[in-house]
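Enquirer: I'd like to ask you about the structure that follows.
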Amino acid sequence: MHKFGGASLADSAAVRHAVDIIRRHAREPTVVVVSAMAGTTDALLGVAQQAGAGESRTVASLIARLRSRHAEVARALLPAGRGRADALACISDIFEELEALAQGLRLLRELTPRTTDYLASRGERLSARLVTAALEAAGTKAKYVDAIDLVHTDGVFGQAAPDFARTDRSVQRTLLPLLARGIVPIVPGFIGVTPEGEVATLGRGGSDLTATLLARGLAASRVSLWKDVPGLLTADPRVVPDARVIPQLHAREAAELAYYGAKVLHPRALIPVAGRRIPIYVRPFGDPDSAGTEVSERAAPGRFPVKALTAAGGQALVTVTGSGMLGVPGIAARTFHALHVRQISVSLISQASSEHSICFSVPEALAAEAQESLEREFAGEIGRGEIDGVELSLGMATVAVVGLGMHGTPGVAAAVFSALAAAKINVVAIAQGSSELNISVVVEERQAAEAQRRIHAAFQLSRIAGGGVIRPERMEVILLGFGQIGRTLAAMVGQVRRPALDLKVAGIIDRSGFVFDPQGLSSRRLAALAGEKKKGVRLADAPRGQPATAEEAIQHIASYALTRPVLVDLTANDTASALELGLMHGMDLVLANKRPLAGRRGVSESLWQTARARGRRVLHEATVGAGLPIIDTFHKLTESGDRVERIEGLLSGTLGYVLSEVAAGTPFSRAVRTAMRLGYTEPDPREDLSGMDVGRKALILARLLGYPGELSRAAVESLVPKWARSLSLVDFLRRLPELDRAWRRRVDAAAAEHSVLRYVATVTPSKIAVGLRAVPASSPLAAIKGSDNQLVFTTARYKANPLVITGPGAGAEVTAAGVLNDILRLAGA
Ligand code: ADP
Ligand code: ASP
Ligand code: MG
């Protein structure tokens with residue numbers, strides 16, 4: 001059984017794709033249920049409304065638009081000939097009937113639920129005709145079967161409930177013979193027949209229900225619901241951007257989510273198959289090879305207390321209060337009886353143990369009626385002052401937190417409340433079902449989105465549908481920057497072999513645009529892209545590249561719910577806003593780029609804050625000392641209770657190289673030129689000589705130690721004299737030898753004192769100093785040769801004998817290795 005939702009039938013390309021999916025499965029007996037093309041049901045309901053209000057102009061244009069859209073799709077899908085002519089004729093008939101009906105409505109000006117259903121049913125019938133014709137054109141035997149002949153209901157218009165027994169019989173009688181002949185029946189979803197033989201709809205989203213109903217009658221082996229989402233997610237992705245696919249959940253959990261408003265499933269869709277061992281798969285239309293979510297009777301081990309959450313807005317809270325309720329039996333029963341008589345269904349009830357009040361939620365539209373019926377019921381008590389009255393709070397939402405594993409797991413409710421309290425979200429009422437499958441909280445509707453994000457983060461649901469951190473199976477790397485380091489890293493990622501980890505580069509982004517594949521880019525493709533990029537081809541112009549800003553690229557990538565995305569910043573740009581966006585969408589960050597952390601304090605603080613609020617991690621080992629474990633060492637020391645008082649060291653491979661050459665007798669100008677030739681410097685060596693790069697690294701370290709301020713120019717000594725700063729690069733290089741004599745003198749003077757010159761960064765919690773220093777020839781810093789970095793940690797424990805870390809501090813290979821280490825650390829591998 002396959003059901004295609006509206007979004008999966010948005011245009012001719014989508015219908016063609018649906019046809020491909022059906023054909024792929026049609027070797028087995030296959031039944032297809034379709035929704036109306038995206039937006040059609042809304043448009044038809046619009047027609048009904050407007051016609052009922054006598055608005056003939058709007059009605060005509062709505063109908064014309066729908067008609068041309070369907071005809072266009074038929075023309076694009078079907079080759080000229082008999083099949084196309086038939087389909088177009090059928091579309092024409094349907095629209096002529098619609099127009100006549102709208103005309104009649106306009107005159108009568110009376111819109112009944114029955115006419116509304118009659119109009120709305122046309123959308124599914126149109127799309128089912130189109131899919132049938134397209135399948136036949138593709139050479140698959142298919143037949144349109146109207147739901148009127150299959151789905152029997154109680155006849156409540158707009159909300160019809162199916163009659164299982166009768167439907168089972170019709171389904172078997174009509175569909176089994178077709179299946180036996182290898183024909184694929186195509187059935188319009190959403191509609192059924194009333195006992196009087198009229199058409200009624202099953203409620204919005206009802207095609208899901210049609211699919212499970214037919215599956216029940218046929219004892220289907222499985223149901224695939226093809227939707228525009230990667231599966232059933234831990235939350236609505238439009239509200240919680242880092243929602244994740246839940247690989248499997250129990251039918252009761254899914255039913256609870258659907259009932260409490262998760263828009264992904266019709267609230268009653270699971271009832272027909274309850275207890276029948278027919279698994280349902282919510283599958284991504286855009287990615288048919290992916291498994292999506294399995295909804296079945298299988299109960300996965302209760303490792304994860306909470307699986308998912310959802311919210312239903314538009315609720316009102318009704319409270320009945322009064323001291324006279326204390327110990328008086330029957331108040332609750334009378335309350336709910338009064339509501340029952342009016343057919344008002346209550347979605348959440350809570351009674352405080354003081355029995356001073358009963359409080360429950362109802363749909364806002366019914367609130368006034370509920371209030372009025374209760375005031376009447378308790379008129380006597382109110383008159384005697386035993387009940388104060390019946391109060392309404394409008395604009396509420398119920399957030400439901402769902403998971404079978406909550407049963408018997410202490411602290412789930414507490415975790416929900418502390419997450420909300422931390423965000424200053426007021427909980428108006430709570431209820432926990434006795435099944436302990438669901439905890440519901442009522443909050444003000446305007447805070448419902450934030451409440452969901454907070455709870456989602458509190459249970460770390462973005463770490464794959466569980467209350468605990470589990471080792472990820474998949475991890476998707478997104479490279480921001482595809483220069484030398486990015487290309488080196490991409491190749492390294494392809495070589496990682498860890499049994500529990502499937503690490504892939506899924507996206508690469510440069511200044512021009514991006515290349516992305518949710519399944520991961522193959523090593524071959526990455527190598528080809530790297531080759532192109534090296535030749536100067538921008539990603540926007542690469543095969544399947546798309547032009548975009550970094551923010552647009554991240555937004556696009558985030559619209560695919562990836563399992564465990566890591567955004568890796570390898571640029572040297574101001575990427576803070578792109579990184580923030582990544583965090584908001586549930587990405588962890590790994591940085592080699594210093595700028596976001598070494599800019600104004602507000603910028604870096606905001607990154608850390610967003611990360612904390614979203615439960616994300618930011619690792620940045622490669623921002624200081626390339627692959628050397630400097631930041632890691634800092635964290636290990638502090639975590640073990642040590643206090644780092646000072647970090648001092650050589651943080652520039654370039655300056656290290658130049659200074660050791662000059663000490664060995666090479667003229668300064670020649671040392672700089674050689675460093676340039678060896679690729680140790682930035683294109684303009686003054687960037688290195690000015691000390692700004694070291695200054696940034698020093699600031700990052702200082703901030704780790706708690707340094708509250710900014711980096712002042714005065715804290716960084718520049719090795720570029722004032723007069724040389726404004727020269728062109730060519731002039732600067734030409735006049736470079738003018739500096740040689742002064743450098744010689746400095747070096748000799750230091751040597752006379754048994755010292756050598758080093759460009760040293762010193763940071764403490766209250767100070768940053770970066771500049772040229774003569775250090776004793778016996779000190780660890782003096783022993784450093786060439787482009788190595790060295791850092792000396794002085795801590796409460798390592799005082800007399802400081803902790804020293806030395807090693808290569810520059811180069812694409814070591815930097816990429818440092819970044820890769822961070823990525824693996826996030827993976828927990
Ligand atoms: P169909 O195309 O089959 O009618 P729907 O539009 O009814 O599909 O359902 C998919 C939509 O449900 C998605 O666009 C998504 O925004 C929304 N949604 C809400 N909650 C969830 C959830 N927990 N998991 C997946 N999608 C959800
Ligand atoms: N087309 C109907 C709706 O939009 C039913 C469905 O899509 O399932 O609600
Ligand atoms: Mg739907």
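Each chain in the structure tokens gets a letter, A, B and so on, in the order shown; residues start at 1 in every chain, and ligands are counted from 1 in the order they appear.
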Can you list every residue of chain A that has an atom at most 9 Å from ligand 2, with its nearest atom pair and the distance in Å to one decimal, using only C-alpha atoms and all ligand atoms, ordered by chain then number, as CSV?
Expert:
residue,atom,partner,partner_atom_place_in_ligand_line,distance
A:Phe4,CA,ligand 2,7 (O),8.6
A:Gly5,CA,ligand 2,7 (O),5.6
A:Gly6,CA,ligand 2,7 (O),5.5
A:Ala7,CA,ligand 2,7 (O),8.6
A:Val34,CA,ligand 2,7 (O),7.9
A:Ser35,CA,ligand 2,7 (O),4.5
A:Ala36,CA,ligand 2,1 (N),4.7
A:Met37,CA,ligand 2,1 (N),7.4
A:Ala38,CA,ligand 2,4 (O),7.4
A:Gly39,CA,ligand 2,4 (O),7.1
A:Thr40,CA,ligand 2,1 (N),7.0
A:Thr41,CA,ligand 2,4 (O),4.9
A:Asp42,CA,ligand 2,4 (O),6.7
A:Ala120,CA,ligand 2,1 (N),8.0
A:Ser121,CA,ligand 2,1 (N),8.3
A:Gly123,CA,ligand 2,1 (N),6.8
A:Glu124,CA,ligand 2,1 (N),6.5
A:Gly189,CA,ligand 2,8 (O),6.5
A:Phe190,CA,ligand 2,5 (C),4.9
A:Ile191,CA,ligand 2,5 (C),8.3
A:Thr201,CA,ligand 2,5 (C),8.5
A:Leu202,CA,ligand 2,5 (C),8.1
A:Gly203,CA,ligand 2,9 (O),6.7
A:Arg204,CA,ligand 2,9 (O),3.5
A:Gly205,CA,ligand 2,8 (O),3.2
A:Gly206,CA,ligand 2,8 (O),4.3
A:Ser207,CA,ligand 2,8 (O),3.6
A:Asp208,CA,ligand 2,8 (O),5.7
A:Leu209,CA,ligand 2,8 (O),7.9
A:Thr210,CA,ligand 2,8 (O),8.4
A:Leu265,CA,ligand 2,8 (O),8.7
A:His266,CA,ligand 2,8 (O),7.5
Enquirer: Could you pull out the strand (DSSP E or B) residues of stretch 235-332 of chain A, going by DSSP on the backbone, and write them as a PyMOL selection string?
Expert: chain A and resi 245+248-250+280-284+293-296+308-321
Enquirer: Can you pull out every residue with an atom within 6 Å of ligand 1? Use only C-alpha atoms and all ligand atoms and format it as a PDB file with N, CA and C atoms, in the first residue's frame.
Expert:
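Result went into result00.pdb, see below:
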ATOM      1  N   GLY A   5       1.273  11.886  -0.515  1.00  0.00           N
ATOM      2  CA  GLY A   5       0.688  13.102   0.042  1.00  0.00           C
ATOM      3  C   GLY A   5       0.694  14.214  -0.995  1.00  0.00           C
ATOM      4  N   GLY A   6       0.034  15.307  -0.647  1.00  0.00           N
ATOM      5  CA  GLY A   6      -0.115  16.412  -1.582  1.00  0.00           C
ATOM      6  C   GLY A   6       1.213  16.962  -2.079  1.00  0.00           C
ATOM      7  N   ALA A   7       2.158  17.083  -1.153  1.00  0.00           N
ATOM      8  CA  ALA A   7       3.442  17.648  -1.546  1.00  0.00           C
ATOM      9  C   ALA A   7       4.157  16.719  -2.520  1.00  0.00           C
ATOM     10  N   GLY A 205      -6.249  15.818   6.114  1.00  0.00           N
ATOM     11  CA  GLY A 205      -5.183  14.823   6.203  1.00  0.00           C
ATOM     12  C   GLY A 205      -5.712  13.404   6.097  1.00  0.00           C
ATOM     13  N   LYS A 227       5.923  11.264   2.043  1.00  0.00           N
ATOM     14  CA  LYS A 227       5.683  12.655   2.452  1.00  0.00           C
ATOM     15  C   LYS A 227       6.890  13.527   2.152  1.00  0.00           C
ATOM     16  N   ASP A 228       6.731  14.813   2.436  1.00  0.00           N
ATOM     17  CA  ASP A 228       7.821  15.740   2.136  1.00  0.00           C
ATOM     18  C   ASP A 228       8.792  15.876   3.298  1.00  0.00           C
ATOM     19  N   VAL A 229       8.774  14.942   4.230  1.00  0.00           N
ATOM     20  CA  VAL A 229       9.710  14.962   5.359  1.00  0.00           C
ATOM     21  C   VAL A 229      10.498  13.652   5.357  1.00  0.00           C
ATOM     22  N   GLY A 231      10.831  11.520   7.455  1.00  0.00           N
ATOM     23  CA  GLY A 231      10.228  10.461   8.260  1.00  0.00           C
ATOM     24  C   GLY A 231       9.421  11.122   9.345  1.00  0.00           C
ATOM     25  N   LEU A 232       9.044  10.358  10.338  1.00  0.00           N
ATOM     26  CA  LEU A 232       8.430  10.963  11.513  1.00  0.00           C
ATOM     27  C   LEU A 232       9.572  11.533  12.338  1.00  0.00           C
ATOM     28  N   LEU A 233       9.488  12.780  12.654  1.00  0.00           N
ATOM     29  CA  LEU A 233      10.612  13.446  13.310  1.00  0.00           C
ATOM     30  C   LEU A 233      10.327  13.634  14.795  1.00  0.00           C
ATOM     31  N   THR A 234      11.399  13.937  15.520  1.00  0.00           N
ATOM     32  CA  THR A 234      11.264  14.138  16.959  1.00  0.00           C
ATOM     33  C   THR A 234      10.379  15.346  17.291  1.00  0.00           C
ATOM     34  N   ALA A 235      10.168  16.232  16.307  1.00  0.00           N
ATOM     35  CA  ALA A 235       9.268  17.376  16.491  1.00  0.00           C
ATOM     36  C   ALA A 235       8.972  17.935  15.110  1.00  0.00           C
ATOM     37  N   ASP A 236       8.008  18.840  15.039  1.00  0.00           N
ATOM     38  CA  ASP A 236       7.726  19.467  13.753  1.00  0.00           C
ATOM     39  C   ASP A 236       8.940  20.286  13.322  1.00  0.00           C
ATOM     40  N   PRO A 237       9.531  19.951  12.177  1.00  0.00           N
ATOM     41  CA  PRO A 237      10.766  20.623  11.772  1.00  0.00           C
ATOM     42  C   PRO A 237      10.581  22.121  11.516  1.00  0.00           C
ATOM     43  N   ARG A 238       9.346  22.538  11.291  1.00  0.00           N
ATOM     44  CA  ARG A 238       9.159  23.982  11.083  1.00  0.00           C
ATOM     45  C   ARG A 238       9.268  24.733  12.394  1.00  0.00           C
ATOM     46  N   ALA A 262       0.396  16.377  16.001  1.00  0.00           N
ATOM     47  CA  ALA A 262       1.511  16.318  15.056  1.00  0.00           C
ATOM     48  C   ALA A 262       0.923  16.229  13.659  1.00  0.00           C
ATOM     49  N   LYS A 263       1.192  17.212  12.871  1.00  0.00           N
ATOM     50  CA  LYS A 263       0.469  17.356  11.610  1.00  0.00           C
ATOM     51  C   LYS A 263       0.859  16.276  10.601  1.00  0.00           C
ATOM     52  N   VAL A 264       1.809  15.449  10.946  1.00  0.00           N
ATOM     53  CA  VAL A 264       2.327  14.509   9.957  1.00  0.00           C
ATOM     54  C   VAL A 264       1.405  13.309   9.712  1.00  0.00           C
ATOM     55  N   LEU A 265       0.538  12.984  10.663  1.00  0.00           N
ATOM     56  CA  LEU A 265      -0.381  11.849  10.512  1.00  0.00           C
ATOM     57  C   LEU A 265      -1.790  12.273  10.877  1.00  0.00           C
TER      58      LEU A 265
END
Enquirer: Could you pull the residues within 10 Å of stretch 440-446 of chain A, counting only C-alpha atoms, minus those fewer than 3 positions along the same chain, as an NGL selection string?
Expert: :A and (260 or 309-317 or 347-349 or 360-361 or 393-402 or 413 or 416-417 or 420 or 425-433 or 449-451)
Enquirer: Take the residues that were just selected and, keeping C-alpha atoms, output them as a compact mmCIF listing (two decimals), in the first residue's frame.
Expert:
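The file below, out_28.txt, is the result:
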# COMPACT_ATOMS: atom_id res chain seq x y z
CA TYR A 260 -1.97 15.61 20.09
CA LEU A 309 6.97 16.06 21.08
CA THR A 310 4.20 17.99 19.47
CA ALA A 311 1.93 20.90 20.18
CA ALA A 312 -1.66 21.76 19.54
CA GLY A 313 -2.47 25.45 19.51
CA GLY A 314 -5.81 27.17 19.62
CA GLN A 315 -6.73 25.78 23.02
CA ALA A 316 -8.57 27.37 25.87
CA LEU A 317 -8.16 26.43 29.47
CA SER A 347 -8.00 17.05 25.57
CA LEU A 348 -6.34 17.50 28.94
CA ILE A 349 -7.57 17.39 32.49
CA PHE A 360 -9.12 21.23 31.47
CA SER A 361 -8.49 22.32 27.93
CA SER A 393 -7.97 31.51 29.53
CA LEU A 394 -7.70 31.80 25.77
CA GLY A 395 -4.66 31.59 23.53
CA MET A 396 -3.21 28.42 25.03
CA ALA A 397 -1.32 25.52 23.52
CA THR A 398 -0.83 21.99 24.74
CA VAL A 399 2.66 20.63 24.32
CA ALA A 400 2.74 16.84 24.51
CA VAL A 401 5.93 14.96 25.30
CA VAL A 402 5.62 11.36 24.18
CA ALA A 413 8.33 15.57 34.24
CA VAL A 416 10.38 19.14 31.27
CA PHE A 417 9.62 21.72 33.93
CA LEU A 420 10.69 25.47 30.71
CA ILE A 425 8.06 29.87 30.28
CA ASN A 426 5.12 29.66 32.60
CA VAL A 427 3.40 26.28 32.79
CA VAL A 428 -0.30 26.88 33.18
CA ALA A 429 -1.35 23.26 33.70
CA ILE A 430 0.05 19.79 33.45
CA ALA A 431 -1.24 16.30 32.99
CA GLN A 432 0.39 12.95 32.82
CA GLY A 433 -1.69 10.11 31.44
CA ALA A 449 7.44 27.14 19.87
CA GLU A 450 10.16 28.08 22.32
CA ALA A 451 8.79 25.56 24.81
Enquirer: Which residues are near stretch 797-813 of chain A? Cut-off 6 Å, only C-alpha atoms, ignore same chain within fewer than 4 positions. Put them as a ChimeraX atom specification.
Expert: /A:485,625-626,653,788-793
Enquirer: Using Å and a single decimal, report how far atom CA of A:Ile508 sits from atom CA of A:Ala550.
Expert: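 Pair atom CA of A:Ala550 / atom CA of A:Ile508 returns 9.9 Å.
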Enquirer: What residues in stretch 324-457 of chain A get the DSSP label alpha helix (DSSP H)? Please answer as a PyMOL selection string.
Expert: chain A and resi 331-341+367-377+379-383+412-422+448-457
Enquirer: Write out as a PyMOL selection string which residues come within 9 Å of A:Glu253 when counting only C-alpha atoms, dropping same-chain ones fewer than 3 positions away.
Expert: chain A and resi 249-250+256-258+295+307-308+402-404+437-438
Enquirer: Take the selection from the previous step and output its residues with C-alpha atoms, as a PDB file, in the first residue's frame.
Expert:
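Okay, out-v3.pdb is ready:
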ATOM      1  CA  LEU A 249       8.463   3.991  17.063  1.00  0.00           C
ATOM      2  CA  HIS A 250       5.636   2.072  18.571  1.00  0.00           C
ATOM      3  CA  GLU A 256      -0.340   9.758  20.681  1.00  0.00           C
ATOM      4  CA  LEU A 257       1.640  12.210  18.572  1.00  0.00           C
ATOM      5  CA  ALA A 258      -0.994  12.283  15.863  1.00  0.00           C
ATOM      6  CA  VAL A 295       5.671   2.622  12.960  1.00  0.00           C
ATOM      7  CA  LYS A 307      10.833  10.018  21.714  1.00  0.00           C
ATOM      8  CA  ALA A 308       9.116  13.076  20.344  1.00  0.00           C
ATOM      9  CA  VAL A 402       5.624  11.360  24.177  1.00  0.00           C
ATOM     10  CA  GLY A 403       7.552   8.153  24.704  1.00  0.00           C
ATOM     11  CA  LEU A 404       6.810   4.641  25.916  1.00  0.00           C
ATOM     12  CA  LEU A 437       3.083   7.501  27.639  1.00  0.00           C
ATOM     13  CA  ASN A 438       2.578  11.217  27.530  1.00  0.00           C
TER      14      ASN A 438
END
